[in-house]
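What follows is one structure encoded as structure tokens, with my remarks underneath.
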Amino acid sequence: MNSATIALVTHQVVARGDGQGRVNYEIAQAALAAGFYLQIVAMRCDEALAVRHGVSFIELDYRRLPTQLLRNHAFARASTRWLRTHRGDYDLIHACGYVTEVPADVNTAHLVHRGWLQSGAYPFSWMGGPYSAYQRFYTVLNATLERRAFLSARRVVAISGKIEDELREIGVPEKHIALIHNGVDVREFYPGAGERNRFGLPPEGVIFLFAGDIRTPRKGLDTILKALFDVPGAHLAVAGTVEGSPFPAQALALGLEGRVHFLGKVVDMPALMRSVDLFVFPSRYEAMSLVILESMASGLPVLTAKTAGGAEILGEGGRVLDDPNDVSTLARWMRELAADPVLRQRMGAAGRAIAEHFTWERMATAYIDLYNELLSTKILPPRPMHHGGAS
């Protein structure tokens, strides 16, 4: 058992509602089980976790500020002050991107803003109006600050092969990069009987699933709708907030209104995944979406694109487009799978077997091993026993 203290510096540590927050939550739980103490410096922390023995939650909540830019940078300034003032209260710093000016021992790259900026899917320009210019400024500034944070860290964790490549491109030395894929709860997401009626889906026929932000073209829903037009009889369930989305109108224009089912925000994703036949997600840029792993764990064949981080783990559990805009290839694959239940079953089983090797426990163990490696080469000053508790 370890008695060292980790300062986990991040915006959210939560069990539900935020992918990065869930990753942090699983790491925190594993760290406590391994005997570490935690100083969680965050805007938001799971209530039960915040009061556990061995945890001190330092709440720096700037969520009421009007823009993400102001919220993030106010947090970074405050976390910097706290870390510098409390140098004797922790042994390692684990940060997530640019969240502090203090160099971290471990910094997890959940996104590389330079990679997003340089991707062909980046939609914002200086001349596109106030909102577009703001978004570009936000990305450019974050790319600069984030690169500085990554270069100053002892280790940078890439959550996918795609992110690993992007870290190299911004100059992070190979020896400083550790690849640790995100995880999935294979007890929560698993193959089983569906509940189509509960979600208002047709009881018969093949149903594809898309899940993600449908207010942006980045996730590739437009490609899916165009492909679905050439897959007669198949249906598509769309999970994601509909307000402000252009895609219901696009589905209507394509004559797909009877075959595309916009479900809005879905809370019980495991049940929805057990109610459909395949998952399709040709995202134009993705660091590593948890939904791909969740679909694999649910026994769904996955159709995605190489621009979606995590596609490298898919193996025989699905197929990967070279180009996320390749409507004809996607339509051909969708037709083939819609017509072949045996192929769907075989691919789904392969995906489930792969997902069982990418559990939250496996991910968290890799982080704990990294903590221990870094602690073994760091001289720690003697200090009094940490009693934990909320603060």
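Ordered as shown in the structure tokens, chains take letters A, B, and onward, while each chain numbers its residues from 1 and ligands are numbered from 1 in the order shown.
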Assign secondary structure with DSSP using the backbone only, and return the residues of segment 245-371 of chain A in helix (DSSP H, G or I) as a PyMOL selection string. chain A and resi 247-253+269-273+290-297+311-313+315-317+327-338+341-355+360-371
Contacts of segment 235-249 of chain A at 9 Å or less, counting only C-alpha atoms, minus same-chain residues fewer than 5 places along, as JSON, numbers by chain? {"A": [201, 202, 205, 206, 207, 208, 209, 210, 211, 212, 213, 214, 215, 216, 217, 221, 222, 224, 225, 228, 254, 256, 257, 258, 259, 260, 261, 262, 263, 264, 265, 266, 269, 276]}
List as a VMD selection string the protein and nucleic acid residues near segment 155-166 of chain A, meaning an atom at most 9 Å away when only C-alpha atoms are counted, but skip any in the same chain fewer than 4 places from it. chain A and resid 104 to 112 114 to 115 150 to 151 170 to 172 174 to 182 286 to 288 306 to 313 367 370 374
Report the residues of segment 112-351 of chain A whose backbone DSSP state falls under strand (DSSP E), written as a ChimeraX atom specification. /A:155-158,177-179,207-211,235-239,260-264,278-281,302-305,318-321
Of A:Ala353, A:Gly183, A:Ala253, A:Ala48, the one nearest to Leu293 of chain A when counting only C-alpha atoms is A:Gly183
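The list of residues with at least one atom within 10 Å of Leu117 of chain A, based on only C-alpha atoms and without residues fewer than 6 positions apart in the same chain, reads A:Pro123, A:Phe124, A:Arg136, A:Thr139, A:Val140, A:Ala143.
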Selected residues written out with C-alpha atoms, as a PDB file, in the first residue's frame:
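out-v9.pdb was written with the following content:
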ATOM      1  CA  PRO A 123     -14.884  24.643 -38.866  1.00  0.00           C
ATOM      2  CA  PHE A 124     -13.954  28.045 -37.391  1.00  0.00           C
ATOM      3  CA  ARG A 136     -10.723  30.075 -33.233  1.00  0.00           C
ATOM      4  CA  THR A 139      -8.519  26.954 -29.847  1.00  0.00           C
ATOM      5  CA  VAL A 140      -5.325  28.815 -30.785  1.00  0.00           C
ATOM      6  CA  ALA A 143      -3.104  24.983 -28.285  1.00  0.00           C
TER       7      ALA A 143
END
